[in-house]
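Student: Next up, final10.json (JSON, C-alpha atoms).
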[["chain", "number", "residue", "atom", "x", "y", "z"],
["Y", 1, "MET", "CA", 62.44, -8.57, 27.77],
["Y", 2, "LEU", "CA", 58.84, -8.90, 26.72],
["Y", 3, "GLY", "CA", 56.51, -6.02, 27.39],
["Y", 4, "ALA", "CA", 53.18, -6.58, 29.06],
["Y", 5, "ARG", "CA", 50.46, -7.96, 26.84],
["Y", 6, "LYS", "CA", 47.31, -6.80, 28.56],
["Y", 7, "ILE", "CA", 44.40, -8.87, 27.34],
["Y", 8, "LEU", "CA", 41.56, -7.37, 29.36],
["Y", 9, "ALA", "CA", 41.78, -3.97, 30.99],
["Y", 10, "LEU", "CA", 38.76, -2.47, 32.66],
["Y", 11, "GLY", "CA", 38.69, 1.04, 34.07],
["Y", 12, "GLY", "CA", 37.75, 2.03, 37.56],
["Y", 13, "ASN", "CA", 38.19, 0.39, 40.92],
["Y", 14, "LYS", "CA", 38.89, -3.32, 40.48],
["Y", 15, "PHE", "CA", 37.22, -4.07, 43.80],
["Y", 16, "LYS", "CA", 33.79, -2.96, 42.64],
["Y", 17, "ASP", "CA", 31.80, -5.51, 40.66],
["Y", 18, "GLU", "CA", 30.55, -2.90, 38.19],
["Y", 19, "TYR", "CA", 34.10, -2.53, 36.81],
["Y", 20, "SER", "CA", 34.73, -6.21, 36.25],
["Y", 21, "ILE", "CA", 33.36, -8.88, 33.96],
["Y", 22, "ALA", "CA", 30.85, -11.30, 35.46],
["Y", 23, "PHE", "CA", 30.84, -14.96, 34.43],
["Y", 24, "ASP", "CA", 27.69, -16.93, 35.24],
["Y", 25, "GLY", "CA", 29.15, -20.39, 35.87],
["Y", 26, "THR", "CA", 27.14, -21.94, 33.02],
["Y", 27, "ASP", "CA", 28.04, -20.55, 29.59],
["Y", 28, "SER", "CA", 29.93, -17.22, 29.75],
["Y", 29, "ARG", "CA", 33.19, -16.73, 27.87],
["Y", 30, "ILE", "CA", 35.40, -14.23, 26.07],
["Y", 31, "ILE", "CA", 37.17, -15.58, 23.00],
["Y", 32, "ILE", "CA", 40.32, -13.60, 22.26],
["Y", 33, "GLY", "CA", 41.48, -15.87, 19.46],
["Y", 34, "ALA", "CA", 44.97, -16.84, 18.34],
["Y", 35, "ASP", "CA", 47.63, -14.22, 17.70],
["Y", 36, "SER", "CA", 51.41, -14.23, 17.64],
["Y", 37, "ALA", "CA", 51.44, -11.67, 20.49],
["Y", 38, "ILE", "CA", 49.97, -14.28, 22.85],
["Y", 39, "ASP", "CA", 51.53, -17.48, 21.48],
["Y", 40, "ASN", "CA", 53.73, -19.71, 23.63],
["Y", 41, "ILE", "CA", 54.01, -17.22, 26.50],
["Y", 42, "TRP", "CA", 55.76, -19.76, 28.74],
["Y", 43, "ALA", "CA", 58.71, -20.18, 26.31],
["Y", 44, "GLY", "CA", 61.60, -18.26, 27.83],
["Y", 45, "GLY", "CA", 59.49, -17.31, 30.86],
["Y", 46, "GLY", "CA", 55.99, -15.95, 31.12],
["Y", 47, "THR", "CA", 53.50, -14.70, 33.69],
["Y", 48, "ILE", "CA", 49.73, -14.40, 33.96],
["Y", 49, "VAL", "CA", 48.24, -11.99, 36.48],
["Y", 50, "ALA", "CA", 44.55, -11.42, 37.27],
["Y", 51, "TRP", "CA", 42.10, -10.19, 39.86],
["Y", 52, "ILE", "CA", 39.42, -12.83, 40.42],
["Y", 53, "LYS", "CA", 36.39, -13.00, 42.68],
["Y", 54, "PRO", "CA", 35.20, -16.61, 42.36],
["Y", 55, "SER", "CA", 31.78, -17.57, 43.71],
["Y", 56, "SER", "CA", 32.57, -21.30, 43.42],
["Y", 57, "ASP", "CA", 35.06, -23.54, 41.64],
["Y", 58, "GLY", "CA", 32.96, -23.15, 38.51],
["Y", 59, "GLU", "CA", 31.23, -25.41, 36.07],
["Y", 60, "ASN", "CA", 32.17, -29.08, 36.52],
["Y", 61, "ASN", "CA", 34.54, -28.07, 39.37],
["Y", 62, "TYR", "CA", 37.22, -26.59, 37.08],
["Y", 63, "GLY", "CA", 36.14, -23.03, 36.27],
["Y", 64, "ARG", "CA", 38.60, -21.60, 33.75],
["Y", 65, "ILE", "CA", 40.25, -18.28, 34.43],
["Y", 66, "VAL", "CA", 42.11, -18.44, 31.13],
["Y", 67, "GLN", "CA", 42.92, -21.19, 28.64],
["Y", 68, "LYS", "CA", 44.91, -21.44, 25.43],
["Y", 69, "ALA", "CA", 44.04, -24.94, 24.32],
["Y", 70, "SER", "CA", 41.25, -26.88, 22.67],
["Y", 71, "GLY", "CA", 38.81, -29.20, 24.36],
["Y", 72, "THR", "CA", 38.19, -29.89, 28.02],
["Y", 73, "SER", "CA", 41.45, -31.19, 29.48],
["Y", 74, "PRO", "CA", 43.76, -29.65, 27.16],
["Y", 75, "THR", "CA", 44.93, -32.17, 24.64],
["Y", 76, "ASP", "CA", 47.28, -29.32, 23.69],
["Y", 77, "GLY", "CA", 48.16, -25.97, 25.21],
["Y", 78, "TRP", "CA", 47.48, -24.93, 28.83],
["Y", 79, "TYR", "CA", 44.92, -23.68, 31.33],
["Y", 80, "LEU", "CA", 44.59, -21.87, 34.68],
["Y", 81, "VAL", "CA", 41.54, -22.82, 36.76],
["Y", 82, "VAL", "CA", 39.79, -22.57, 40.12],
["Y", 83, "SER", "CA", 39.32, -26.05, 41.62],
["Y", 84, "SER", "CA", 38.71, -28.09, 44.77],
["Y", 85, "GLU", "CA", 36.18, -25.79, 46.43],
["Y", 86, "SER", "CA", 35.41, -26.54, 50.09],
["Y", 87, "SER", "CA", 33.92, -24.41, 52.89],
["Y", 88, "GLY", "CA", 34.30, -21.05, 51.15],
["Y", 89, "VAL", "CA", 37.82, -21.53, 49.80],
["Y", 90, "ALA", "CA", 39.35, -23.13, 46.69],
["Y", 91, "ASP", "CA", 42.64, -24.03, 44.98],
["Y", 92, "LEU", "CA", 44.30, -22.61, 41.89],
["Y", 93, "ARG", "CA", 45.49, -25.16, 39.31],
["Y", 94, "PHE", "CA", 47.72, -24.83, 36.25],
["Y", 95, "ARG", "CA", 48.21, -27.53, 33.61],
["Y", 96, "GLN", "CA", 50.22, -27.62, 30.36],
["Y", 97, "ARG", "CA", 50.61, -30.35, 27.77],
["Y", 98, "TRP", "CA", 54.10, -31.58, 26.89],
["Y", 99, "GLY", "CA", 53.77, -33.69, 23.70],
["Y", 100, "SER", "CA", 52.72, -37.35, 23.46],
["Y", 101, "GLY", "CA", 50.13, -37.20, 26.22],
["Y", 102, "VAL", "CA", 52.52, -36.00, 28.93],
["Y", 103, "TYR", "CA", 51.46, -33.10, 31.15],
["Y", 104, "TYR", "CA", 52.94, -30.70, 33.68],
["Y", 105, "GLY", "CA", 50.57, -29.42, 36.34],
["Y", 106, "VAL", "CA", 50.57, -27.83, 39.78],
["Y", 107, "GLU", "CA", 47.87, -26.96, 42.28],
["Y", 108, "THR", "CA", 47.95, -24.90, 45.45],
["Y", 109, "THR", "CA", 47.98, -27.09, 48.56],
["Y", 110, "ALA", "CA", 45.90, -25.19, 51.11],
["Y", 111, "ARG", "CA", 42.92, -23.70, 49.27],
["Y", 112, "GLU", "CA", 44.28, -20.16, 49.36],
["Y", 113, "LEU", "CA", 41.53, -18.59, 47.20],
["Y", 114, "THR", "CA", 38.71, -17.07, 49.24],
["Y", 115, "LEU", "CA", 35.32, -17.31, 47.54],
["Y", 116, "ASP", "CA", 33.21, -14.17, 47.12],
["Y", 117, "GLN", "CA", 36.25, -11.94, 47.77],
["Y", 118, "TRP", "CA", 38.76, -10.36, 45.40],
["Y", 119, "ASN", "CA", 41.96, -12.42, 45.07],
["Y", 120, "HIS", "CA", 45.04, -11.30, 43.16],
["Y", 121, "VAL", "CA", 46.51, -14.34, 41.41],
["Y", 122, "ALA", "CA", 49.70, -14.78, 39.40],
["Y", 123, "ILE", "CA", 51.57, -17.70, 37.92],
["Y", 124, "THR", "CA", 55.04, -17.56, 36.47],
["Y", 125, "LEU", "CA", 56.78, -20.32, 34.53],
["Y", 126, "ASP", "CA", 59.83, -20.70, 32.30],
["Y", 127, "GLN", "CA", 59.17, -23.88, 30.35],
["Y", 128, "ASP", "CA", 62.74, -23.70, 28.96],
["Y", 129, "SER", "CA", 64.31, -23.88, 32.44],
["Y", 130, "ASP", "CA", 65.76, -27.18, 33.63],
["Y", 131, "SER", "CA", 63.81, -26.92, 36.90],
["Y", 132, "ASN", "CA", 60.60, -25.96, 35.05],
["Y", 133, "ASN", "CA", 58.76, -25.22, 38.28],
["Y", 134, "ALA", "CA", 55.74, -22.95, 38.17],
["Y", 135, "ILE", "CA", 55.40, -20.44, 40.98],
["Y", 136, "ILE", "CA", 51.90, -19.40, 42.05],
["Y", 137, "TYR", "CA", 51.23, -16.18, 43.96],
["Y", 138, "ILE", "CA", 47.97, -15.45, 45.79],
["Y", 139, "ASN", "CA", 47.49, -11.90, 47.06],
["Y", 140, "GLY", "CA", 51.19, -11.17, 46.62],
["Y", 141, "PHE", "CA", 52.58, -14.22, 48.42],
["Y", 142, "SER", "CA", 54.21, -17.27, 46.85],
["Y", 143, "VAL", "CA", 52.19, -20.29, 47.99],
["Y", 144, "ALA", "CA", 53.01, -23.96, 48.27],
["Y", 145, "VAL", "CA", 52.03, -26.12, 45.31],
["Y", 146, "SER", "CA", 51.96, -29.82, 44.66],
["Y", 147, "GLU", "CA", 52.55, -31.41, 41.29],
["Y", 148, "VAL", "CA", 49.43, -32.99, 39.85],
["Y", 149, "ASP", "CA", 51.26, -34.00, 36.67],
["Y", 150, "ASP", "CA", 55.01, -34.27, 36.17],
["Y", 151, "GLN", "CA", 56.33, -33.93, 32.63],
["Y", 152, "SER", "CA", 59.41, -36.00, 32.04],
["Y", 153, "GLY", "CA", 61.24, -33.79, 29.58],
["Y", 154, "GLY", "CA", 60.80, -32.98, 25.95],
["Y", 155, "THR", "CA", 59.13, -29.80, 24.81],
["Y", 156, "ALA", "CA", 55.83, -28.14, 25.56],
["Y", 157, "ASP", "CA", 53.14, -28.21, 22.91],
["Y", 158, "ASP", "CA", 53.05, -25.26, 20.54],
["Y", 159, "ASP", "CA", 49.86, -23.32, 21.33],
["Y", 160, "SER", "CA", 50.09, -20.87, 18.42],
["Y", 161, "SER", "CA", 47.04, -22.24, 16.62],
["Y", 162, "ARG", "CA", 44.90, -22.30, 19.79],
["Y", 163, "GLN", "CA", 42.44, -19.60, 20.81],
["Y", 164, "LEU", "CA", 42.91, -17.77, 24.08],
["Y", 165, "ILE", "CA", 39.64, -18.03, 25.99],
["Y", 166, "ILE", "CA", 38.83, -16.18, 29.20],
["Y", 167, "GLY", "CA", 36.29, -17.65, 31.59],
["Y", 168, "ASN", "CA", 35.73, -21.01, 29.86],
["Y", 169, "ASN", "CA", 37.35, -23.72, 27.74],
["Y", 170, "GLY", "CA", 37.12, -24.70, 24.08],
["Y", 171, "ALA", "CA", 34.23, -27.11, 24.71],
["Y", 172, "PHE", "CA", 32.41, -24.39, 26.71],
["Y", 173, "ASN", "CA", 31.75, -26.68, 29.68],
["Y", 174, "ARG", "CA", 34.15, -25.28, 32.33],
["Y", 175, "THR", "CA", 32.72, -21.79, 32.92],
["Y", 176, "PHE", "CA", 34.23, -19.57, 35.59],
["Y", 177, "ASP", "CA", 31.69, -18.58, 38.27],
["Y", 178, "GLY", "CA", 32.26, -15.05, 39.53],
["Y", 179, "ASN", "CA", 34.02, -11.86, 38.44],
["Y", 180, "MET", "CA", 37.41, -11.11, 36.85],
["Y", 181, "SER", "CA", 39.36, -7.97, 36.09],
["Y", 182, "GLU", "CA", 42.77, -6.87, 34.76],
["Y", 183, "ILE", "CA", 43.90, -10.12, 33.17],
["Y", 184, "THR", "CA", 47.45, -9.61, 31.93],
["Y", 185, "LEU", "CA", 49.94, -11.86, 30.14],
["Y", 186, "TYR", "CA", 53.67, -11.08, 30.19]]
As structure tokens, how would this structure be written, given the file I've shared?
Tutor:
Amino acid sequence: MLGARKILALGGNKFKDEYSIAFDGTDSRIIIGADSAIDNIWAGGGTIVAWIKPSSDGENNYGRIVQKASGTSPTDGWYLVVSSESSGVADLRFRQRWGSGVYYGVETTARELTLDQWNHVAITLDQDSDSNNAIIYINGFSVAVSEVDDQSGGTADDDSSRQLIIGNNGAFNRTFDGNMSEITLY
């Protein structure tokens, strides 16, 4: 069993903005880098957990919570984003590359993220499982997802040479808009 790999831990009350990290929706980011402790977390089963307070769906409508990939739509690796903002709510989307231009991706179906409020989000996935279905939790409840990409087998891309970036992507044009706290990878 893997132990928790806490990437960003901030003291204090997570519900107060002064104890979180603010992302401006235009060019903020935290580059963690590449390290064996955070490589290929989905192999054998992995989870990402975070408190987020999005103000919108971010720069270019896909504000990154966390990404371990290069470029905008990862041509390798994976990302977790806020998307599809409408009337004060938004969706959560996950996407991972599976070799030769094939992707696996899911998105919540009912815009469960509330803008300008703290939301606890989690995604769990075992890319080695035959079912290979990601489960997304919002505020402690498993929510319905729809597949936006359906990988047809093979193996997921190795992300070991990719930087982990919080709040943006490798091209720095998908900035998260809002606050985040307690981002943890398991």
Student: Within 6 Å of range 178-180 of chain Y, counting all atoms listed in the file, which residues qualify if same-chain residues fewer than 4 places away don't, as a list in words?
Tutor: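 Surrounding residues, per the criterion: Ser20, Ile21, Ala22, Phe23, Trp51, Ile52, Lys53, Pro54 and Ser55 of chain Y.
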Student: Which residues come within 7 Å of Val106 in chain Y, counting all atoms listed in the file, excluding same-chain residues fewer than 3 positions away, as a short mmCIF file (atom, residue, chain, number, x, y, z; two decimals) with C-alpha atoms, in the coordinates of the input?
Tutor:
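After the write, result_4.cif holds the following:
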data_model
loop_
_atom_site.label_atom_id
_atom_site.label_comp_id
_atom_site.auth_asym_id
_atom_site.auth_seq_id
_atom_site.Cartn_x
_atom_site.Cartn_y
_atom_site.Cartn_z
CA ARG Y 93 45.49 -25.16 39.31
CA PHE Y 94 47.72 -24.83 36.25
CA ARG Y 95 48.21 -27.53 33.61
CA VAL Y 145 52.03 -26.12 45.31
CA SER Y 146 51.96 -29.82 44.66
CA GLU Y 147 52.55 -31.41 41.29
CA VAL Y 148 49.43 -32.99 39.85
CA ASP Y 149 51.26 -34.00 36.67
#
Student: Between Y:Ile166, Y:Asp126, Y:Ala50, Y:Gly101, which one has atoms that come closest to Asn139 in chain Y, using all atoms listed in the file?
Tutor: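 Among the listed residues, the smallest separation from Asn139 in chain Y belongs to Y:Ala50.
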Student: Counting only C-alpha atoms, which residue out of Y:Ile30, Y:Ser131, Y:Glu85, Y:Ala156 sits closest to Ile65 in chain Y?
Tutor: Y:Ile30
Student: Grab the CA of Ala90 in chain Y to CA of Gln67 in chain Y distance for me, in Å with one decimal place.
Tutor: 18.5 Å
Student: Kindly provide, as a PyMOL selection string, the polymer residues lying within 12 Å of (52.0, -14.1, 47.3), counting only C-alpha atoms and using the coordinates exactly as they appear in the file.
Tutor: chain Y and resi 49+108+112-113+119-124+135-144
Student: Between CA of Val102 in chain Y and CA of Ala34 in chain Y, what is the distance, to one decimal in Å?
Tutor: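 Going from CA of Val102 in chain Y over to CA of Ala34 in chain Y covers 23.2 Å.
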Student: I'd like to know which of Y:Ile38, Y:Gly33, Y:Asp24, Y:Gly45 is closest to Ser129 in chain Y, using only C-alpha atoms.
Tutor: Y:Gly45
Student: If I take CA of Tyr186 in chain Y and CA of Leu92 in chain Y, how far is one from the other in Å, to one decimal?
Tutor: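 CA of Tyr186 in chain Y sits 18.9 Å away from CA of Leu92 in chain Y.
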Student: Give me the residues within 10 Å of range 168-176 of chain Y as number ranges by chain, counting only C-alpha atoms and dropping any in the same chain fewer than 5 places off.
Tutor: Y: 22-31, 52-74, 79, 81-82, 162-163
